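Colleague: Have a peek at final_31.csv (CSV, C-alpha atoms).
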```
chain,number,residue,atom,x,y,z
A,477,MET,CA,0.0,0.0,0.0
A,478,SER,CA,2.9,2.3,0.8
A,479,ALA,CA,5.8,0.3,-0.6
A,480,LYS,CA,6.2,2.7,-3.5
A,481,LEU,CA,6.8,5.7,-1.3
A,482,ASN,CA,10.3,7.0,-0.6
A,483,VAL,CA,11.7,10.0,1.1
A,484,GLY,CA,10.7,12.9,-1.0
A,485,SER,CA,7.7,11.2,-2.5
A,486,GLU,CA,4.7,13.5,-2.8
A,487,LEU,CA,1.0,12.9,-2.7
A,488,ARG,CA,-1.5,15.4,-4.1
A,489,SER,CA,-5.3,15.3,-4.1
A,490,SER,CA,-7.5,16.5,-7.0
A,491,PRO,CA,-8.4,20.2,-6.7
A,492,ARG,CA,-11.7,20.9,-4.8
A,493,PRO,CA,-13.5,24.2,-4.6
A,494,MET,CA,-14.4,25.2,-1.0
A,495,THR,CA,-18.0,25.9,-1.8
A,496,ARG,CA,-20.6,27.4,0.4
A,497,GLU,CA,-22.2,24.0,0.7
A,498,ARG,CA,-19.1,22.3,1.9
A,499,MET,CA,-18.7,24.9,4.6
A,500,ARG,CA,-22.3,24.5,5.7
A,501,TRP,CA,-22.1,20.7,5.7
A,502,TYR,CA,-19.5,21.0,8.5
A,503,VAL,CA,-21.6,23.6,10.4
A,504,ASP,CA,-24.6,21.3,10.3
A,505,ALA,CA,-22.5,18.2,11.2
A,506,GLN,CA,-21.5,19.9,14.5
A,507,ALA,CA,-25.1,20.4,15.5
A,508,THR,CA,-26.2,17.0,14.1
A,509,VAL,CA,-23.5,15.1,16.0
A,510,ALA,CA,-24.3,17.0,19.2
A,511,ALA,CA,-28.1,16.2,18.9
A,512,ASP,CA,-27.4,12.7,17.7
A,513,ASN,CA,-31.2,11.9,17.3
A,514,GLY,CA,-31.2,10.6,13.7
A,515,ARG,CA,-32.1,13.9,12.2
A,516,ILE,CA,-30.1,16.8,10.7
A,517,ALA,CA,-29.7,19.7,13.1
A,518,THR,CA,-28.8,23.3,12.5
A,519,GLN,CA,-27.3,26.0,14.6
A,520,ASP,CA,-27.2,29.7,15.1
A,521,PRO,CA,-25.3,31.7,12.4
A,522,THR,CA,-21.6,31.1,12.3
A,523,ILE,CA,-18.6,32.7,10.4
A,524,HIS,CA,-18.7,29.6,8.2
A,525,ASP,CA,-22.3,29.9,6.9
A,526,ASP,CA,-23.5,33.5,7.3
A,527,ASP,CA,-21.8,36.4,5.5
A,528,ASP,CA,-23.5,39.1,7.6
A,529,TYR,CA,-22.4,37.4,10.8
A,530,ALA,CA,-18.9,36.9,9.4
A,531,ARG,CA,-18.6,40.6,8.5
A,532,LYS,CA,-19.7,41.6,12.0
A,533,GLN,CA,-16.8,39.5,13.3
A,534,GLY,CA,-14.3,41.4,11.1
A,535,LEU,CA,-14.1,39.0,8.2
A,536,PRO,CA,-14.8,39.9,4.5
A,537,GLY,CA,-17.3,37.0,4.3
A,538,ILE,CA,-17.7,33.4,5.3
A,539,ILE,CA,-14.5,31.3,5.8
A,540,ALA,CA,-14.2,27.5,6.0
A,541,ASP,CA,-13.8,25.7,9.3
A,542,GLY,CA,-10.2,24.6,9.5
A,543,MET,CA,-11.2,21.1,10.3
A,544,ILE,CA,-12.4,20.7,6.7
A,545,SER,CA,-8.9,21.0,5.4
A,546,THR,CA,-7.6,18.8,8.2
A,547,ASN,CA,-10.1,16.1,7.2
A,548,TRP,CA,-9.2,16.5,3.5
A,549,ILE,CA,-5.5,15.9,4.5
A,550,MET,CA,-6.7,12.9,6.6
A,551,ASN,CA,-8.5,11.6,3.5
A,552,LEU,CA,-5.3,11.9,1.4
A,553,LEU,CA,-3.4,9.8,3.9
A,554,LEU,CA,-6.1,7.2,4.4
A,555,ASP,CA,-6.3,6.7,0.6
A,556,GLU,CA,-2.6,6.0,0.5
A,557,PHE,CA,-2.1,4.1,3.8
A,558,GLY,CA,-5.5,2.7,4.6
A,559,GLU,CA,-7.5,2.2,7.8
A,560,ALA,CA,-4.4,1.7,9.9
A,561,PHE,CA,-3.9,5.5,10.0
A,562,ALA,CA,-7.2,6.0,11.7
A,563,ARG,CA,-6.1,3.6,14.5
A,564,LYS,CA,-2.5,4.7,15.1
A,565,GLY,CA,-0.5,7.8,14.1
A,566,SER,CA,-0.6,11.5,14.5
A,567,LEU,CA,-1.6,14.6,12.6
A,568,ARG,CA,-1.0,18.2,13.3
A,569,THR,CA,-2.5,21.0,11.2
A,570,LYS,CA,-2.2,24.7,11.5
A,571,TYR,CA,-4.5,27.1,9.6
A,572,ILE,CA,-2.2,29.8,8.3
A,573,ALA,CA,-4.6,31.6,5.9
A,574,PRO,CA,-8.4,31.7,5.7
A,575,ILE,CA,-10.1,29.7,3.0
A,576,TYR,CA,-12.8,31.7,1.3
A,577,GLU,CA,-15.8,30.7,-0.6
A,578,ASN,CA,-15.0,28.9,-3.9
A,579,GLN,CA,-11.2,29.0,-3.3
A,580,ILE,CA,-9.6,25.9,-4.8
A,581,VAL,CA,-8.0,23.6,-2.2
A,582,ILE,CA,-5.5,20.9,-3.0
A,583,SER,CA,-4.3,18.5,-0.2
A,584,CYS,CA,-0.7,17.5,-0.3
A,585,ALA,CA,1.8,15.4,1.6
A,586,ARG,CA,5.6,14.8,1.2
A,587,VAL,CA,7.5,12.0,2.9
A,588,THR,CA,10.3,13.5,5.0
A,589,SER,CA,11.6,10.3,6.7
A,590,ILE,CA,11.0,6.6,6.9
A,591,GLU,CA,12.3,4.7,10.0
A,592,PRO,CA,11.8,1.2,11.3
A,593,ALA,CA,9.1,0.9,13.9
A,594,PRO,CA,8.1,-1.9,16.3
A,595,GLY,CA,6.2,-4.8,14.9
A,596,GLY,CA,8.0,-4.7,11.6
A,597,GLU,CA,6.3,-1.6,10.4
A,598,ALA,CA,7.8,1.6,9.2
A,599,ALA,CA,7.1,5.0,10.7
A,600,TYR,CA,6.5,7.5,7.9
A,601,GLN,CA,7.0,11.2,8.7
A,602,LEU,CA,5.2,13.5,6.3
A,603,GLU,CA,5.0,17.2,5.8
A,604,VAL,CA,1.3,17.9,5.0
A,605,TRP,CA,-0.4,21.0,3.7
A,606,CYS,CA,-3.3,22.4,1.7
A,607,GLU,CA,-2.6,24.9,-1.0
A,608,ASP,CA,-4.8,26.9,-3.5
A,609,ASP,CA,-4.4,26.9,-7.3
A,610,THR,CA,-1.7,29.6,-7.0
A,611,ARG,CA,0.3,27.3,-4.7
A,612,LYS,CA,-0.4,29.6,-1.8
A,613,LYS,CA,-0.3,27.5,1.4
A,614,LEU,CA,-3.4,27.6,3.5
A,615,THR,CA,-2.9,24.9,6.1
A,616,VAL,CA,0.4,23.4,7.1
A,617,GLY,CA,1.5,20.6,9.5
A,618,GLU,CA,2.9,17.1,9.8
A,619,ALA,CA,1.8,13.5,10.2
A,620,THR,CA,3.2,10.2,11.4
A,621,VAL,CA,1.9,7.1,9.8
A,622,TYR,CA,2.7,3.5,10.7
A,623,ALA,CA,2.5,1.1,7.8
A,624,SER,CA,4.3,-1.9,6.2
A,625,ARG,CA,6.9,-1.2,3.6
A,626,GLY,CA,6.1,-4.1,1.4
B,36,MET,CA,-12.2,28.6,37.9
B,37,ALA,CA,-13.7,30.3,34.9
B,38,THR,CA,-16.1,27.5,33.9
B,39,GLY,CA,-19.9,27.6,34.3
B,40,ARG,CA,-20.7,30.4,31.9
B,41,TYR,CA,-19.1,31.3,28.5
B,42,VAL,CA,-16.4,29.7,26.5
B,43,SER,CA,-14.7,33.1,26.3
B,44,ASP,CA,-14.3,33.1,30.1
B,45,LEU,CA,-12.1,30.0,30.1
B,46,ASP,CA,-8.7,30.4,31.7
B,47,SER,CA,-5.5,28.5,32.4
B,48,GLY,CA,-6.0,25.5,34.7
B,49,ASP,CA,-9.7,25.1,34.1
B,50,LEU,CA,-10.8,21.5,34.0
B,51,LEU,CA,-13.3,20.4,31.4
B,52,GLY,CA,-15.3,17.2,32.1
B,53,PRO,CA,-15.0,14.3,32.3
B,54,VAL,CA,-18.0,13.5,30.2
B,55,GLU,CA,-19.1,10.0,29.3
B,56,TYR,CA,-20.8,9.3,26.0
B,57,THR,CA,-21.2,6.8,23.2
B,58,LEU,CA,-20.7,7.7,19.5
B,59,SER,CA,-23.6,6.4,17.4
B,60,ALA,CA,-23.2,5.0,13.9
B,61,PHE,CA,-25.4,7.9,12.7
B,62,ALA,CA,-23.2,10.6,14.2
B,63,VAL,CA,-20.1,9.1,12.7
B,64,ARG,CA,-21.6,8.7,9.3
B,65,GLU,CA,-23.0,12.2,9.3
B,66,TYR,CA,-19.7,13.7,10.3
B,67,CYS,CA,-17.8,11.7,7.7
B,68,HIS,CA,-20.3,12.5,5.0
B,69,ALA,CA,-19.9,16.2,5.8
B,70,VAL,CA,-16.1,16.1,5.5
B,71,GLU,CA,-16.1,13.7,2.5
B,72,LEU,CA,-14.5,10.7,4.3
B,73,HIS,CA,-16.3,8.1,2.3
B,74,GLN,CA,-14.3,5.0,3.5
B,75,ASP,CA,-16.4,1.9,4.4
B,76,TYR,CA,-14.8,1.7,7.9
B,77,PHE,CA,-16.4,5.1,8.6
B,78,GLN,CA,-19.6,5.0,6.6
B,79,GLY,CA,-20.4,1.2,6.6
B,80,VAL,CA,-22.6,-0.8,9.0
B,81,GLU,CA,-20.1,-3.3,10.4
B,82,ASN,CA,-17.0,-2.8,12.6
B,83,GLN,CA,-17.5,0.9,12.1
B,84,ILE,CA,-14.9,3.3,13.6
B,85,ALA,CA,-14.7,7.0,14.0
B,86,PRO,CA,-12.1,9.2,12.3
B,87,PRO,CA,-9.7,10.7,14.9
B,88,THR,CA,-10.6,14.1,13.5
B,89,LEU,CA,-14.0,13.7,15.2
B,90,VAL,CA,-12.2,14.5,18.5
B,91,HIS,CA,-12.6,18.1,17.6
B,92,LEU,CA,-16.3,17.8,18.2
B,93,GLU,CA,-15.6,16.2,21.6
B,94,LYS,CA,-14.0,19.6,22.5
B,95,LEU,CA,-17.4,21.1,21.7
B,96,ARG,CA,-19.0,18.5,23.9
B,97,LEU,CA,-16.7,19.6,26.8
B,98,TYR,CA,-17.6,23.3,26.0
B,99,ARG,CA,-21.3,22.5,26.3
B,100,HIS,CA,-20.7,20.7,29.6
B,101,ALA,CA,-18.4,23.4,31.1
B,102,CYS,CA,-19.8,26.5,29.5
B,103,PRO,CA,-23.5,26.1,29.3
B,104,ALA,CA,-24.1,29.8,28.4
B,105,GLY,CA,-22.4,29.3,25.0
B,106,THR,CA,-19.6,30.9,23.0
B,107,GLY,CA,-19.6,34.4,24.4
B,108,PRO,CA,-19.5,37.8,22.6
B,109,SER,CA,-17.4,36.8,19.6
B,110,ALA,CA,-16.9,33.9,17.3
B,111,ARG,CA,-13.9,31.6,17.9
B,112,VAL,CA,-11.5,30.9,15.1
B,113,HIS,CA,-9.7,27.5,15.1
B,114,VAL,CA,-5.9,27.8,14.8
B,115,GLU,CA,-4.5,24.4,15.2
B,116,TYR,CA,-5.4,20.7,15.5
B,117,ASP,CA,-2.8,18.4,17.0
B,118,ALA,CA,-3.8,14.8,17.7
B,119,THR,CA,-2.1,11.5,18.4
B,120,PHE,CA,-4.1,8.4,17.6
B,121,HIS,CA,-3.4,5.6,20.0
B,122,ASP,CA,-6.2,3.1,19.2
B,123,ALA,CA,-9.4,2.9,17.2
B,124,VAL,CA,-12.4,4.8,18.4
B,125,LYS,CA,-15.2,2.2,17.9
B,126,VAL,CA,-18.8,3.1,17.3
B,127,GLY,CA,-21.0,2.1,20.2
B,128,GLU,CA,-18.1,1.8,22.7
B,129,PRO,CA,-18.6,3.8,25.9
B,130,LEU,CA,-16.1,6.7,25.9
B,131,ARG,CA,-14.9,9.3,28.4
B,132,VAL,CA,-13.5,12.7,27.4
B,133,GLN,CA,-11.8,15.2,29.6
B,134,GLY,CA,-9.6,18.2,29.1
B,135,LYS,CA,-7.7,21.0,30.7
B,136,VAL,CA,-7.1,24.6,29.6
B,137,THR,CA,-3.3,24.6,29.5
B,138,GLU,CA,-2.8,28.1,28.4
B,139,ARG,CA,-4.6,31.4,27.8
B,140,PHE,CA,-2.4,34.1,26.3
B,141,ASN,CA,-2.6,37.3,24.2
B,142,LYS,CA,-0.8,37.6,20.9
B,143,ARG,CA,-1.1,40.7,18.8
B,144,GLY,CA,-4.2,41.8,20.6
B,145,ARG,CA,-6.0,38.4,20.3
B,146,ASP,CA,-6.8,36.0,23.1
B,147,TYR,CA,-5.7,32.4,22.4
B,148,VAL,CA,-6.9,29.4,24.4
B,149,GLN,CA,-5.1,26.0,24.3
B,150,ILE,CA,-6.8,22.9,25.6
B,151,ASP,CA,-5.3,19.4,26.1
B,152,MET,CA,-7.8,16.6,25.9
B,153,GLU,CA,-7.9,12.8,26.1
B,154,VAL,CA,-10.5,10.4,24.8
B,155,ARG,CA,-10.4,7.1,26.7
B,156,ALA,CA,-12.4,3.9,26.6
B,157,ALA,CA,-14.7,4.2,29.6
B,158,ARG,CA,-14.6,0.4,30.4
B,159,ASP,CA,-10.8,0.0,30.8
B,160,ASN,CA,-9.4,3.5,30.6
B,161,ARG,CA,-7.5,2.8,27.4
B,162,LEU,CA,-6.1,6.0,25.8
B,163,LEU,CA,-7.6,6.3,22.3
B,164,VAL,CA,-6.9,9.9,21.2
B,165,SER,CA,-4.9,12.7,22.8
B,166,TYR,CA,-5.5,16.1,21.4
B,167,ARG,CA,-4.2,19.7,21.7
B,168,ASP,CA,-6.6,22.3,20.4
B,169,THR,CA,-5.7,26.0,19.9
B,170,VAL,CA,-8.3,28.7,19.2
B,171,ILE,CA,-8.5,32.4,18.9
B,172,LEU,CA,-11.4,33.6,21.1
B,173,SER,CA,-12.1,36.6,18.8
B,174,TYR,CA,-11.0,37.2,15.2
B,175,GLN,CA,-11.0,40.9,15.7
B,176,ALA,CA,-8.0,42.2,17.6
B,177,ARG,CA,-8.9,43.8,20.9
B,178,GLU,CA,-7.9,47.3,20.0
B,179,SER,CA,-10.0,47.2,16.8
B,180,ALA,CA,-13.0,45.4,18.2
B,181,ALA,CA,-16.0,47.8,18.5
```
Would you give me this structure, written as structure tokens?

Modeller:
Amino acid sequence: MSAKLNVGSELRSSPRPMTRERMRWYVDAQATVAADNGRIATQDPTIHDDDDYARKQGLPGIIADGMISTNWIMNLLLDEFGEAFARKGSLRTKYIAPIYENQIVISCARVTSIEPAPGGEAAYQLEVWCEDDTRKKLTVGEATVYASRG
Amino acid sequence: MATGRYVSDLDSGDLLGPVEYTLSAFAVREYCHAVELHQDYFQGVENQIAPPTLVHLEKLRLYRHACPAGTGPSARVHVEYDATFHDAVKVGEPLRVQGKVTERFNKRGRDYVQIDMEVRAARDNRLLVSYRDTVILSYQARESAA
């Protein structure tokens, strides 16, 4: 699954626009998980789904919740390494620039080291980030993934 | 102690929780659908687990428990997610989450709050996810806030 990766190998997702709907899905998910009653729940206006409210908070308009880009990076690593990454590993993401409506987001990862780990696995260290279609970095961080090396 | 009212009141040393709960299959599927994690182990019906990113909503669970009056005067902005995954978080397994405000500090006119949290299996206290969360309590810097 990860045998083909070496130090310096890079993973990149397809570009995705951060649409208004994607931002709202996360807002609704927060209330829905909290209610956990089998129905979709909504919440009061947030900076992620209400332009007027966002402007009152000093923003030019709605911005994406940072956890969307974190989850998109998570998805990139799960697609490469599989379910094991949801069970053991680490992920740090820092949101260094707001992501605005319809901004293009590409999730990326680069292997920075591969070391032997207990149990015959390898510990992959990766630099992770999200960038837009001008290569401006929006989210940065790092991950540790434990996987076999084939 | 600054708990009991607004999230914006939280201060260094405040303890959040513990809160015991169980993640339902519905809650995990809805979360994963919203963030486009379409893997079977998250969205299927058997041996379902939760993505470790869902720990961010456990912070909101602690907020609701410790700060029942809500957010406070301004919207928070999430700055950093920093999680270590120790073991799978299984759907239907009783869980316990607790946290501590490790730091509240001001940087360039904005108040930051950092919380360290742990999600453990309630039955045997196994550590499942440890998480450090950093937020800005208000996007507007204090001197420019009206």

Colleague: Find the residues near stretch 82-89 of chain B: any atom within 7 Å, counting only C-alpha atoms, skip ones fewer than 6 places away on the same chain, and give them as JSON, numbers by chain.

Modeller: {"A": [547, 562], "B": [63, 76, 120, 123, 124, 125, 126, 164]}

Colleague: Determine which residues of chain A sit within 6 Å of chain B, taking into account all atoms listed in the file, and present them as a list in words.

Modeller: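 Only these qualify: Trp501, Tyr502, Ala505, Val509, Asp512, Gly534, Ala562, Arg563, Lys564, Gly565, Ser566, Leu567, Arg568, Thr569, Lys570 and Tyr571 of chain A.
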
Colleague: How many Å separate atom CA of B:Arg155 from atom CA of A:Asn551?

Modeller: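 According to the coordinates, atom CA of B:Arg155 and atom CA of A:Asn551 are separated by 23.7 Å.
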
Colleague: Which one is closest to B:Thr106: B:Asp44, B:Glu81, B:Glu55, B:Glu138? Count all atoms listed in the file.

Modeller: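 Checking each of B:Asp44, B:Glu81, B:Glu55, B:Glu138 against B:Thr106, counting all atoms listed in the file, the winner is B:Asp44.
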
Colleague: Enter the distance from atom CA of B:Ala101 to atom CA of B:Val42, in Å, rounded to one decimal.

Modeller: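 Rounded to one decimal, the two atoms are 8.1 Å apart.
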
Colleague: For B:Arg40, work out the shell of residues within 6 Å, counting all atoms listed in the file and skipping chain neighbours fewer than 5 positions away, then give it as a PyMOL selection string.

Modeller: chain B and resi 102-104
